[in-house]
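Chemist: Attaching a single structure in structure tokens format; questions to follow.
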Amino acid sequence: MEYSQQTADLIDRMCRYVEREDFKLDEKVAKEKILQTYDLFNLPRPKKVVWCKDIFDKKYVTALDSAGSAWSAGSAGSAWSARSAWSAWSALSAWSAGSAGSAWSALDYDFDWFVIEHEYCANRKDNLGDEPNENDKKYLAYSELLLEALEAGLGYRVESEDTLYLVPTPVIRIDEQNRFHSTKEPAIRWKGGAEQYYLRGVRFDQDWWQKIVNDELDPETIFAIDNLEHRRIAYEYMDKTKMKQLKDFKVLDEQVDEKGNQMKIVSFTVKGVDESLKYYNCFCPSTGREYFVGTDKDKCIEAKAASFGLSDVGWVNEW
Amino acid sequence: MKTKALRHGEIAFVAIKKLPDNLTKATTNIIVTGSHGNNHTFSGGSLYLLPKLEGYIMGYLVAENTTLYHPEHGDEKGEAKLPDGVYEIRKQQEFTPEGLVPVID
């Protein structure tokens with residue numbers, strides 16, 4: 001995507017508040033900026049302002065529930081699907097979409113449009129169409145106030161019964177692909193509030209996260225994890241020499257799949273289970289991630305087909 | 001004769017000749033909800049979801065200029081083009097000592 005230097009600067013501002021290293025909250029400035037959005041549209045300011053510690057705060061969730069019914073879930077959904085992952089802030093906003101139904105209460109939920117509108121107005125040379133009008137200018141002024149509130153540390157707001165409920169922005173940690181990730185601390189945390197642990201975009205309970213990053217899990221435990229993504233991440237962080245600890249570990253079959261990726265059938269025995277456990281070991285053709293899928297087959301091709309209840313398959317394409 | 005299928009992560013689209021009778025068209029574009037917020041969605045075509053998994057089959061898709069979406073399965077934009085046709089949608093399952101269980105990702 002080509003855009004002007006001014007728009008590049010705007011995106012940098014958005015990334016900076018999401019990528020900040022520590023908490024920042026100037027309650028006075030944040031509150032004033034959000035209240036100025038009411039002034040902009042000649043709306044009365046809410047009578048009361050209440051700060052909540054995070055988006056799971058009871059007061060906030062209750063306010064969301066009552067305010068949410070008046071909101072079009074469809075429009076929020078379409079905004080998410082249109083959102084591209086070209087900057088760190090989209091990771092946080094996308095996460096908000098799945099958390100406590102708070103997508104639309106995030107101040108930056110509509111910021112992809114802010115970027116587009118900003119570029120349209122700021123870069124007239126490269127953008128065909130009518131000259132920006134008063135409504136364009138008002139939208140930019142509104143979005144600028146939201147951005148300034150975000151820069152002051154405000155992340156979410158909802159109004160209910162003439163009360164404005166505010167939640168600060170959490171501190172987040174992401175990896176190079178903008179996924180929530182940290183091996184050192186919660187990937188999402190509010191000061192004195194909720195903490196959430198992620199590895200490569202996959203959420204774990206703190207206890208599991210700690211064991212995985214400290215490589216405290218034995219392979220038997222990892223293979224018994226029922227969630228395939230949790231199993232994959234736990235295996236990724238495990239010292240692979242531990243595989244030798246597995247009793248009777250064998251590779252029963254090795255093949256290359258239609259996409260050129262290695263496949264294996266591995267088997268081993270575990271305490272308390274008479275029969276050997278077998279796993280179809282494969283790689284995702286899109287991400288290159290390594291998976292182990294339980295199977296009762298001895299051959300890779302059979303195991304792959306059988307995992308979909310099929311027996312003789314020509315795989316036309318895979319993603 | 002081999003069954004023709006296309007795989008999109010933990011779901012497979014198996015080419016069939018025609019739709020079974022008595023299906024209800026879905027009003028959603030979500031084929032499967034991912035446990036980590038990554039849904040398999042689509043545009044173009046018609047989706048028919050079964051009320052519950054029947055063996056491996058979770059529904060049907062009549063693909064007409066269909067694009068599948070998932071942040072982790074597809075091209076760099078998370079898109080995959082499904083050839084036009086009628087498909088049975090199958091959910092991957094894994095074998096465990098306690099029996100078959102749908103793959104949770």
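Residue numbers start at 1 in each chain; chains themselves are named A, B, ... in the order of the structure tokens; ligands are numbered from 1 in the order shown.
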Tell me the residues of chain A close to chain B, meaning within 6 Å using only C-alpha atoms, as a compact mmCIF listing (two decimals) with C-alpha atoms, in the first residue's frame.

Modeler:
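To be explicit, this is the file written out as part07.txt:
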# COMPACT_ATOMS: atom_id res chain seq x y z
CA ASN A 227 -5.93 -28.69 21.96
CA LEU A 228 -3.87 -29.15 18.79
CA GLU A 229 -2.54 -25.57 18.82
CA SER A 286 0.70 -22.27 4.63
CA VAL A 293 -2.32 -35.62 15.01
CA GLY A 294 -3.33 -38.83 16.78
CA THR A 295 -3.90 -41.76 14.41
CA SER A 307 -8.18 -37.98 9.76
CA PHE A 308 -10.96 -36.68 7.46
CA ASP A 312 -8.34 -42.84 -1.15
CA VAL A 313 -7.90 -39.11 -1.74
CA GLY A 314 -6.37 -36.95 -4.42
CA TRP A 315 -5.54 -33.69 -2.65
CA VAL A 316 -6.21 -31.04 -5.30
CA ASN A 317 -4.87 -28.20 -3.16
CA GLU A 318 -4.04 -27.48 0.45
CA TRP A 319 -3.66 -24.34 2.49

Chemist: Using backbone DSSP assignments, extract all strand (DSSP E) residues from chain B; output them as number ranges by chain.

Modeler: B: 3-8, 11-16, 30-32, 40-43, 46-54, 57-63, 66-69, 79-82, 85-91, 93-96, 99-102

Chemist: So that I have them on file, write out the residues from the current selection with C-alpha atoms, as a short mmCIF file (atom, residue, chain, number, x, y, z; two decimals), in the first residue's frame.

Modeler:
data_model
loop_
_atom_site.label_atom_id
_atom_site.label_comp_id
_atom_site.auth_asym_id
_atom_site.auth_seq_id
_atom_site.Cartn_x
_atom_site.Cartn_y
_atom_site.Cartn_z
CA THR B 3 -11.97 -38.75 -4.04
CA LYS B 4 -10.99 -35.17 -4.92
CA ALA B 5 -10.52 -32.94 -1.92
CA LEU B 6 -9.06 -29.60 -0.91
CA ARG B 7 -7.78 -28.96 2.57
CA HIS B 8 -8.08 -25.70 4.51
CA ILE B 11 -11.36 -28.78 7.37
CA ALA B 12 -11.54 -30.52 3.99
CA PHE B 13 -13.78 -29.76 1.02
CA VAL B 14 -14.60 -33.01 -0.71
CA ALA B 15 -16.03 -32.74 -4.24
CA ILE B 16 -19.46 -34.40 -4.58
CA ILE B 30 -18.44 -18.60 9.26
CA ILE B 31 -17.76 -22.21 8.36
CA VAL B 32 -15.90 -23.09 11.55
CA HIS B 40 -12.72 -20.19 8.67
CA THR B 41 -14.96 -17.89 6.64
CA PHE B 42 -15.89 -17.53 2.98
CA SER B 43 -17.37 -15.24 0.36
CA SER B 46 -23.88 -21.03 -0.46
CA LEU B 47 -23.19 -22.73 2.84
CA TYR B 48 -25.34 -25.45 4.41
CA LEU B 49 -24.33 -26.36 7.96
CA LEU B 50 -25.63 -29.48 9.69
CA PRO B 51 -27.07 -28.96 13.19
CA LYS B 52 -24.33 -31.24 14.52
CA LEU B 53 -21.37 -33.16 13.20
CA GLU B 54 -22.48 -36.33 11.38
CA ILE B 57 -19.35 -34.22 7.89
CA MET B 58 -20.26 -30.80 9.21
CA GLY B 59 -22.01 -29.34 6.17
CA TYR B 60 -21.95 -28.57 2.46
CA LEU B 61 -20.81 -25.71 0.28
CA VAL B 62 -21.88 -24.83 -3.23
CA ALA B 63 -18.85 -22.88 -4.43
CA THR B 66 -15.69 -18.75 -3.68
CA THR B 67 -12.82 -17.41 -1.60
CA LEU B 68 -11.96 -19.00 1.72
CA TYR B 69 -10.50 -16.82 4.46
CA GLU B 79 -7.20 -16.06 1.08
CA ALA B 80 -7.69 -19.30 -0.84
CA LYS B 81 -9.71 -19.73 -4.05
CA LEU B 82 -12.00 -22.75 -4.06
CA GLY B 85 -18.47 -27.03 -7.50
CA VAL B 86 -20.42 -28.84 -4.80
CA TYR B 87 -18.49 -29.86 -1.70
CA GLU B 88 -19.03 -31.86 1.43
CA ILE B 89 -17.27 -30.11 4.34
CA ARG B 90 -15.40 -32.46 6.62
CA LYS B 91 -13.84 -31.67 9.99
CA GLN B 93 -10.61 -35.75 13.73
CA GLU B 94 -7.85 -37.46 15.58
CA PHE B 95 -7.62 -40.91 17.02
CA THR B 96 -7.19 -41.16 20.79
CA GLY B 99 -12.01 -42.73 20.49
CA LEU B 100 -12.15 -40.14 17.71
CA VAL B 101 -12.22 -36.48 18.70
CA PRO B 102 -12.56 -33.45 16.43
#

Chemist: If we count only C-alpha atoms and set the cut-off at 12 Å, which residues sit around stretch 214-222 of chain A, ignoring sequence neighbours fewer than 6 positions away in its own chain? Please answer as a PyMOL selection string.

Modeler: chain A and resi 183-184+207-208+228-247+249+267-273+277+291-292

Chemist: Next, dump the selected residues to file, keeping only N, CA and C atoms, as a compact mmCIF listing (two decimals), in the first residue's frame.

Modeler:
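Final output, selection.txt:
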# COMPACT_ATOMS: atom_id res chain seq x y z
N THR A 183 7.59 -14.51 26.17
CA THR A 183 8.08 -15.63 26.98
C THR A 183 8.51 -15.12 28.36
N LYS A 184 8.35 -13.82 28.58
CA LYS A 184 8.84 -13.24 29.83
C LYS A 184 7.74 -12.71 30.74
N ASP A 207 -0.24 -20.94 34.37
CA ASP A 207 0.47 -22.14 34.83
C ASP A 207 1.09 -22.90 33.64
N TRP A 208 0.30 -23.11 32.59
CA TRP A 208 0.79 -23.81 31.41
C TRP A 208 1.85 -22.98 30.69
N LEU A 228 -4.95 -28.94 19.75
CA LEU A 228 -3.87 -29.15 18.79
C LEU A 228 -2.89 -27.97 18.75
N GLU A 229 -3.41 -26.75 18.85
CA GLU A 229 -2.54 -25.57 18.82
C GLU A 229 -1.70 -25.48 20.09
N HIS A 230 -2.30 -25.80 21.23
CA HIS A 230 -1.54 -25.81 22.49
C HIS A 230 -0.45 -26.88 22.42
N ARG A 231 -0.81 -28.04 21.88
CA ARG A 231 0.15 -29.14 21.75
C ARG A 231 1.31 -28.71 20.84
N ARG A 232 0.96 -28.05 19.73
CA ARG A 232 1.98 -27.62 18.77
C ARG A 232 2.97 -26.63 19.41
N ILE A 233 2.41 -25.64 20.11
CA ILE A 233 3.28 -24.62 20.73
C ILE A 233 4.14 -25.26 21.82
N ALA A 234 3.52 -26.12 22.64
CA ALA A 234 4.28 -26.76 23.73
C ALA A 234 5.42 -27.59 23.14
N TYR A 235 5.14 -28.28 22.05
CA TYR A 235 6.19 -29.09 21.39
C TYR A 235 7.28 -28.18 20.83
N GLU A 236 6.86 -27.06 20.26
CA GLU A 236 7.83 -26.12 19.67
C GLU A 236 8.85 -25.65 20.72
N TYR A 237 8.38 -25.45 21.94
CA TYR A 237 9.26 -24.94 22.99
C TYR A 237 10.01 -26.05 23.73
N MET A 238 9.64 -27.30 23.46
CA MET A 238 10.28 -28.41 24.17
C MET A 238 11.65 -28.73 23.57
N ASP A 239 12.61 -29.02 24.42
CA ASP A 239 13.91 -29.49 23.96
C ASP A 239 13.67 -30.86 23.28
N LYS A 240 13.96 -30.93 21.97
CA LYS A 240 13.58 -32.12 21.19
C LYS A 240 14.35 -33.38 21.61
N THR A 241 15.45 -33.20 22.32
CA THR A 241 16.16 -34.41 22.77
C THR A 241 15.31 -35.19 23.78
N LYS A 242 14.29 -34.52 24.34
CA LYS A 242 13.41 -35.21 25.29
C LYS A 242 12.59 -36.32 24.63
N MET A 243 12.47 -36.24 23.29
CA MET A 243 11.70 -37.28 22.58
C MET A 243 12.28 -38.66 22.85
N LYS A 244 13.58 -38.69 23.10
CA LYS A 244 14.23 -39.98 23.37
C LYS A 244 13.75 -40.59 24.68
N GLN A 245 13.16 -39.73 25.54
CA GLN A 245 12.63 -40.26 26.81
C GLN A 245 11.41 -41.13 26.59
N LEU A 246 10.74 -40.93 25.45
CA LEU A 246 9.51 -41.68 25.20
C LEU A 246 9.84 -43.15 25.00
N LYS A 247 9.13 -43.98 25.72
CA LYS A 247 9.42 -45.42 25.67
C LYS A 247 9.05 -45.99 24.30
N PHE A 249 10.05 -45.34 21.37
CA PHE A 249 9.83 -44.36 20.30
C PHE A 249 10.32 -44.89 18.96
N SER A 267 5.55 -43.54 16.77
CA SER A 267 4.82 -44.27 17.81
C SER A 267 5.67 -44.38 19.07
N PHE A 268 5.01 -44.49 20.19
CA PHE A 268 5.69 -44.68 21.47
C PHE A 268 4.67 -45.20 22.47
N THR A 269 5.16 -45.68 23.59
CA THR A 269 4.22 -46.15 24.62
C THR A 269 4.30 -45.23 25.83
N VAL A 270 3.18 -45.14 26.53
CA VAL A 270 3.15 -44.32 27.75
C VAL A 270 2.59 -45.16 28.89
N LYS A 271 2.92 -44.74 30.08
CA LYS A 271 2.45 -45.46 31.28
C LYS A 271 0.92 -45.50 31.31
N GLY A 272 0.39 -46.65 31.66
CA GLY A 272 -1.06 -46.76 31.84
C GLY A 272 -1.84 -47.02 30.58
N VAL A 273 -1.20 -47.00 29.42
CA VAL A 273 -1.91 -47.31 28.15
C VAL A 273 -1.20 -48.51 27.52
N LEU A 277 0.94 -45.46 21.28
CA LEU A 277 0.26 -44.29 20.72
C LEU A 277 0.94 -43.96 19.40
N TYR A 291 2.82 -30.19 13.25
CA TYR A 291 1.70 -30.72 14.05
C TYR A 291 1.85 -32.22 14.28
N PHE A 292 1.24 -32.69 15.34
CA PHE A 292 1.13 -34.12 15.62
C PHE A 292 -0.36 -34.43 15.81

Chemist: Quick one: residues within 12 Å of stretch 13-21 of chain A, only C-alpha atoms, excluding same-chain residues fewer than 3 positions away - as a PyMOL selection string?

Modeler: chain A and resi 6-10+24-25+85-93+107-109+111-112+114-115+143-144+146-155+168-175+178+180+187-189

Chemist: Which distance in Å separates atom CA of A:Gly129 and atom CA of A:Ile11, to one decimal?

Modeler: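 Taking atom CA of A:Gly129 as the start and atom CA of A:Ile11 as the end point, the length is 23.0 Å.
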
Chemist: Stretch 98-236 of chain A: which residues are helix (DSSP H, G or I) by DSSP, as a PyMOL selection string?

Modeler: chain A and resi 103-105+111-122+134-151+206-213+219-223+228-236

Chemist: For A:Lys31, which residue among A:Trp51, A:Glu159, A:Leu128, A:Asp12 is the nearest when counting only C-alpha atoms?

Modeler: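 Using only C-alpha atoms, A:Lys31 sits closest to A:Trp51.
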
Chemist: What does the structure give for the distance between atom CA of A:Lys125 and atom CA of A:Tyr139, in Å to one decimal?

Modeler: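 Between atom CA of A:Lys125 and atom CA of A:Tyr139 the gap is 20.6 Å.
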